[in-house]
Every structure is written in structure tokens, then in C-alpha cells.
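> Provided herewith is a single structure, encoded as C-alpha cells, for subsequent inquiry.
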Amino acid sequence: MKTNIILMGPPGAGKGTLAKRLISKYHIPHISTGDMFRDAIKAGTELGKTAKDYMTRGDLVPDEVTIGIVRERLAQDDCGHGYLLDGFPRTLKQAEALKELTTSLKREVNLVINIDANQAELIKRISGRRVCKNCGAPYHVTNMPPKKEGICDQCGGPLFQRPDDNEAALKVRLSHYYADTKPLLNYYEAMHVLSNVNGMLGADEVLNLASKLIGEVK
Ligand code: AMP
């Protein structure tokens with residue numbers, strides 16, 4: 001059975017960490033709109049120029065732009081054997097566009113994993129988060145530190161703090177999450193594809209629970 005998954009949850013819940021572990025276990029494409037925008041900014045493309053200011057403020061990139069990049073990516077051949085959407089959809093308009101798109105491609109979403117944690121924990125995780133500049137591997141200064149400070153265990157690249165992982169941008173990101181994204185849980189619950197995983201648990205336990213859900217997809 002191919003698994004077409006959406007990973008949902010507020011910033012800091014552990015989506016990125018879980019996504020990295022799931023793709024290395026299940027070998028399905030990881031479609032992270034945040035990563036796509038960050039890559040575009042690094043490459044200096046038009047898409048990157050459009051996304052940059054929204055991202056720095058913690059605001060959502062406009063729906064037309066975001067839906068456009070997902071439409072292109074999901075239509076590619078490698079997504080025919082399953083995919084993992086991470087950070088998309090974030091608005092009802094995106095969810096509706098995704099429904100239309102996946103129906104026409106016959107690649108309907110069959111599992112939405114919602115991973116959540118309380119606000120104090122989200123803030124703690126985001127403020128201590130570090131990311132490898134080369135390979136994107138996630139770390140945390142106290143919860144998941146690298147073996148050597150400031151250096152990625154996997155590729156030796158330098159670790160940095162995302163420019164939107166600051167207090168002001170996080171406030172905006174959380175407010176978008178609660179106003180625009182969290183209501184989508186009802187949308188997916190009504191479609192009978194929603195499952196919840198407690199993001200307060202450790203990363204190994206979260207992976208085990210998510211793997212169990214994937215194993216149960218019919
Ligand atoms: P993330 O890496 O998922 O935390 O996303 C980082 C930032 O990229 C977000 O705060 C938004 O500015 C932008 N972004 C990522 N995905 C979306 C989306 N589905 N819709 C709008 N903006 C997005």
C-alpha cells in the first residue's frame with residue numbers, strides 16, 4: 001500500500017525531525033514547502049525573492065505561490081509511490097487545492113499525522129533549535145545537541161539558527177498556526193484520515209507511533 005502522508009503541527013512540535021526519520025525509513029519523497037522556500041532563497045530565484053520577507057516576519061507566503069510549487073512537485077513521477085507533505089497545507093484554500101490536485105492525480109492523502117506539544121515546550125524547542133547549513137539536519141542545544149558544538153554529526157557542516165526562529169517571528173508563526181492551520185484538523189477528521197501523535201514524547205517514541213499508523217493504512 002502506498003502511503004500519501006501529511007505531517008501537521010505547530011512550529012516546534014517535531015515535524016522536521018519526524019519527517020527526516022520517516023523518509024529514511026520509508027524512502028518516500030519529502031515535500032517540505034519551508035525547505036523549498038529556503039532553497040529558493042539560497043539560490044536567489046524569483047520564488048526566493050517573493051518568499052523571503054514573508055518568512056522573515058513569520059507570515060505565510062501567499063496561497064497562489066505555495067500551491068503552485070506543490071502542484072509542480074506532486075505531479076512528478078517519484079510521488080506516485082507515496083509522499084510525505086511537511087508544512088503544507090497551512091490554510092483552508094491550500095487544503096482544498098490539495099484535494100483537487102491529489103484527486104486528479106489519483107494520489108489522494110490517506111494519512112494525516114498531527115503532532116502537537118504545549119506552547120511552553122514549543123517556545124523552548126524553537127529558541128534552542130539549530131539546523132545544519134549543508135544538509136538541514138535538525139539539532140537542539142540541550143535536547144538533541146551535536147557531538148561537537150556547532151558542527152553537524154552527519155556531514156560536518158556548520159549549525160545555525162534559522163532567521164525566523166526568534167521571539168517576534170515565532171509569535172506571528174504561532175498565531176497563524178492557531179488561526180489558519182489548526183482548524184484544518186477538523187477538515188481531515190471529517191475525511192477520516194486524521195491521527196494524533198503526542199509530540200511531548202521523545203523522538204524515538206514519536207517515530208514508533210507514526211510508523212505504527214503508517215503500517216495500519218489500508
Ligand atoms: P517551516 O519550515 O514549515 O516552518 O516554514 C517556514 C516558513 O515558510 C513559514 O513560516 C512560512 O513563512 C513559509 N511557509 C512554509 N510552508 C508554507 C505554506 N504551506 N503556506 C504558506 N507559507 C509557508
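A note on labels: chains of the C-alpha cells are A, B, ... as shown, every chain counts residues from 1, and ligands are counted from 1 in their shown order.
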Could you report the residues within 7 Å of ligand 1, using only C-alpha atoms and all ligand atoms, as a PyMOL selection string?
chain A and resi 11+32-35+37+54-55+58-63+66+86-90+173
> Produce a file of the selected residues containing C-alpha atoms, as a compact mmCIF listing (two decimals), in the first residue's frame.

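Saved as again.txt:
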# COMPACT_ATOMS: atom_id res chain seq x y z
CA PRO A 11 6.26 25.09 14.78
CA SER A 32 8.60 20.46 2.73
CA THR A 33 7.37 23.83 1.48
CA GLY A 34 9.54 25.56 4.09
CA ASP A 35 12.64 23.76 2.73
CA PHE A 37 11.38 28.29 0.05
CA TYR A 54 7.05 36.80 4.49
CA MET A 55 9.26 34.13 6.04
CA GLY A 58 6.83 34.64 10.27
CA ASP A 59 3.94 35.32 7.90
CA LEU A 60 2.53 32.84 5.42
CA VAL A 61 3.70 33.02 1.83
CA PRO A 62 0.63 33.74 -0.36
CA ASP A 63 -1.51 30.71 -1.25
CA THR A 66 2.68 27.97 -2.30
CA ASP A 86 5.50 18.60 5.65
CA GLY A 87 4.23 22.14 6.36
CA PHE A 88 1.57 22.03 3.65
CA PRO A 89 -1.35 22.68 3.69
CA ARG A 90 -1.47 25.57 6.17
CA ARG A 173 4.02 31.90 13.24
> Could you list, with a cut-off of 9 Å and counting only C-alpha atoms, the residues of stretch 93-136 of chain A near stretch 189-213 of chain A, each shown with its nearest atom pair and the distance in Å rounded to one decimal, rows sorted by chain and ascending number, as JSON lines?

{"residue": "A:Val109", "atom": "CA", "partner": "A:Val193", "partner_atom": "CA", "distance": 7.8}
{"residue": "A:Asn110", "atom": "CA", "partner": "A:Val193", "partner_atom": "CA", "distance": 5.8}
{"residue": "A:Leu111", "atom": "CA", "partner": "A:Val193", "partner_atom": "CA", "distance": 4.9}
{"residue": "A:Val112", "atom": "CA", "partner": "A:Leu194", "partner_atom": "CA", "distance": 4.7}
{"residue": "A:Ile113", "atom": "CA", "partner": "A:Ser195", "partner_atom": "CA", "distance": 5.2}
{"residue": "A:Asn114", "atom": "CA", "partner": "A:Asn196", "partner_atom": "CA", "distance": 4.7}
{"residue": "A:Ile115", "atom": "CA", "partner": "A:Val197", "partner_atom": "CA", "distance": 4.9}
{"residue": "A:Asp116", "atom": "CA", "partner": "A:Gly199", "partner_atom": "CA", "distance": 4.8}
{"residue": "A:Ala117", "atom": "CA", "partner": "A:Gly199", "partner_atom": "CA", "distance": 5.1}
{"residue": "A:Asn118", "atom": "CA", "partner": "A:Met200", "partner_atom": "CA", "distance": 7.8}
{"residue": "A:Glu121", "atom": "CA", "partner": "A:Met200", "partner_atom": "CA", "distance": 7.9}
> Would you write out those residues with all heavy atoms, as a tab-separated table (two decimals), in the first residue's frame?

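Okay, this is what ended up in out_37.tsv:
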chain	number	residue	atom	x	y	z
A	109	VAL	N	-4.52	11.78	-0.33
A	109	VAL	CA	-3.93	11.67	1.01
A	109	VAL	C	-4.66	10.58	1.78
A	109	VAL	O	-5.89	10.57	1.83
A	109	VAL	CB	-4.07	13.03	1.75
A	109	VAL	CG1	-3.72	12.89	3.22
A	109	VAL	CG2	-3.20	14.09	1.07
A	110	ASN	N	-3.93	9.62	2.37
A	110	ASN	CA	-4.62	8.60	3.17
A	110	ASN	C	-4.19	8.58	4.63
A	110	ASN	O	-4.66	7.76	5.41
A	110	ASN	CB	-4.50	7.21	2.54
A	110	ASN	CG	-3.08	6.88	2.12
A	110	ASN	OD1	-2.14	7.45	2.66
A	110	ASN	ND2	-2.92	6.00	1.17
A	111	LEU	N	-3.29	9.51	5.01
A	111	LEU	CA	-2.95	9.61	6.44
A	111	LEU	C	-2.49	11.03	6.76
A	111	LEU	O	-1.59	11.56	6.10
A	111	LEU	CB	-1.83	8.61	6.77
A	111	LEU	CG	-1.29	8.65	8.20
A	111	LEU	CD1	-2.36	8.29	9.23
A	111	LEU	CD2	-0.09	7.68	8.36
A	112	VAL	N	-3.12	11.64	7.77
A	112	VAL	CA	-2.65	12.92	8.29
A	112	VAL	C	-2.17	12.68	9.72
A	112	VAL	O	-2.95	12.25	10.57
A	112	VAL	CB	-3.77	13.99	8.27
A	112	VAL	CG1	-3.28	15.30	8.89
A	112	VAL	CG2	-4.27	14.23	6.85
A	113	ILE	N	-0.88	12.90	9.94
A	113	ILE	CA	-0.34	12.73	11.29
A	113	ILE	C	-0.22	14.11	11.91
A	113	ILE	O	0.53	14.96	11.42
A	113	ILE	CB	1.05	12.04	11.26
A	113	ILE	CG1	0.96	10.66	10.61
A	113	ILE	CG2	1.60	11.93	12.69
A	113	ILE	CD1	2.30	9.96	10.44
A	114	ASN	N	-0.99	14.32	12.97
A	114	ASN	CA	-0.92	15.61	13.68
A	114	ASN	C	-0.07	15.43	14.92
A	114	ASN	O	-0.36	14.62	15.78
A	114	ASN	CB	-2.33	16.06	14.07
A	114	ASN	CG	-2.28	17.30	14.93
A	114	ASN	OD1	-1.58	18.27	14.61
A	114	ASN	ND2	-3.01	17.29	16.03
A	115	ILE	N	1.01	16.21	14.99
A	115	ILE	CA	1.92	16.09	16.13
A	115	ILE	C	1.87	17.44	16.87
A	115	ILE	O	2.01	18.49	16.26
A	115	ILE	CB	3.32	15.67	15.64
A	115	ILE	CG1	4.39	15.82	16.68
A	115	ILE	CG2	3.76	16.31	14.38
A	115	ILE	CD1	5.69	15.15	16.27
A	116	ASP	N	1.60	17.35	18.18
A	116	ASP	CA	1.39	18.60	18.93
A	116	ASP	C	2.13	18.57	20.26
A	116	ASP	O	2.51	17.52	20.76
A	116	ASP	CB	-0.12	18.81	19.17
A	116	ASP	CG	-0.45	20.28	19.32
A	116	ASP	OD1	0.48	21.11	19.42
A	116	ASP	OD2	-1.65	20.62	19.34
A	117	ALA	N	2.37	19.76	20.79
A	117	ALA	CA	3.02	19.90	22.10
A	117	ALA	C	2.50	21.20	22.71
A	117	ALA	O	1.95	22.05	21.99
A	117	ALA	CB	4.53	19.95	21.94
A	118	ASN	N	2.66	21.37	24.04
A	118	ASN	CA	2.13	22.60	24.64
A	118	ASN	C	3.01	23.81	24.29
A	118	ASN	O	4.17	23.65	23.89
A	118	ASN	CB	1.90	22.45	26.15
A	118	ASN	CG	3.21	22.30	26.91
A	118	ASN	OD1	4.15	23.07	26.70
A	118	ASN	ND2	3.28	21.30	27.77
A	121	GLU	N	6.55	24.37	25.69
A	121	GLU	CA	7.52	23.44	25.11
A	121	GLU	C	7.89	23.89	23.68
A	121	GLU	O	9.06	23.83	23.29
A	121	GLU	CB	6.92	22.03	25.11
A	121	GLU	CG	7.82	20.95	24.54
A	121	GLU	CD	9.06	20.66	25.37
A	121	GLU	OE1	9.10	21.02	26.55
A	121	GLU	OE2	10.01	20.07	24.80
> In Å to one decimal, how far is atom CA of A:Tyr26 from atom CA of A:His81?
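These two atoms are separated by 10.4 Å.
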> Give me, please, the distance in Å between atom CA of A:Val131 and atom CA of A:Ala169, quoted to one decimal.
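Pair atom CA of A:Val131 / atom CA of A:Ala169 returns 17.0 Å.
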> In terms of the shortest atom-to-atom distance over only C-alpha atoms, which of A:Gln119, A:Thr102, A:Gln161, A:Thr142 is closest to A:Asn4?
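Nearest candidate to A:Asn4 out of A:Gln119, A:Thr102, A:Gln161, A:Thr142: A:Thr102.
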> Can you tell me which residues surround A:Lys20 at a distance of at most 9 Å, considering only C-alpha atoms, apart from same-chain residues fewer than 6 positions away, and format the answer as a PyMOL selection string?
chain A and resi 30+137-138
> Between atom CA of A:Pro10 and atom CA of A:Gly80, measure the distance and give it in Å to one decimal.
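According to the coordinates, atom CA of A:Pro10 and atom CA of A:Gly80 are separated by 27.6 Å.
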> Output as an mmCIF file with C-alpha atoms, in the first residue's frame all residues of stretch 42-205 of chain A that backbone DSSP marks as strand (DSSP E).

data_model
loop_
_atom_site.group_PDB
_atom_site.id
_atom_site.type_symbol
_atom_site.label_atom_id
_atom_site.label_comp_id
_atom_site.auth_asym_id
_atom_site.auth_seq_id
_atom_site.Cartn_x
_atom_site.Cartn_y
_atom_site.Cartn_z
ATOM 1 C CA TYR A 83 4.957 11.075 -0.412
ATOM 2 C CA LEU A 84 5.339 12.989 2.831
ATOM 3 C CA LEU A 85 3.986 16.528 2.843
ATOM 4 C CA ASP A 86 5.501 18.604 5.646
ATOM 5 C CA LEU A 111 -2.949 9.613 6.439
ATOM 6 C CA VAL A 112 -2.648 12.922 8.288
ATOM 7 C CA ILE A 113 -0.339 12.728 11.289
ATOM 8 C CA ASN A 114 -0.919 15.607 13.682
ATOM 9 C CA ILE A 115 1.918 16.095 16.130
ATOM 10 C CA ASP A 116 1.386 18.597 18.927
ATOM 11 C CA ARG A 129 16.802 24.822 17.609
ATOM 12 C CA ARG A 130 19.855 24.675 15.368
ATOM 13 C CA VAL A 131 19.995 23.398 11.797
ATOM 14 C CA CYS A 132 22.876 22.203 9.631
ATOM 15 C CA PRO A 138 17.946 19.372 12.984
ATOM 16 C CA TYR A 139 19.528 19.761 16.463
ATOM 17 C CA HIS A 140 18.662 21.345 19.794
ATOM 18 C CA LEU A 159 24.991 24.659 12.518
ATOM 19 C CA PHE A 160 22.992 27.866 12.504
ATOM 20 C CA LEU A 194 -6.529 12.176 10.899
ATOM 21 C CA SER A 195 -4.396 10.590 13.639
ATOM 22 C CA ASN A 196 -2.763 12.357 16.581
ATOM 23 C CA VAL A 197 0.695 11.737 17.997
ATOM 24 C CA ASN A 198 1.817 13.306 21.272
#
> For A:Pro183, which of A:Leu18, A:Leu92, A:Gly82, A:Ile214 is the closest residue, counting only C-alpha atoms?
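Answer, going by the shortest atom-to-atom distance: A:Leu92.
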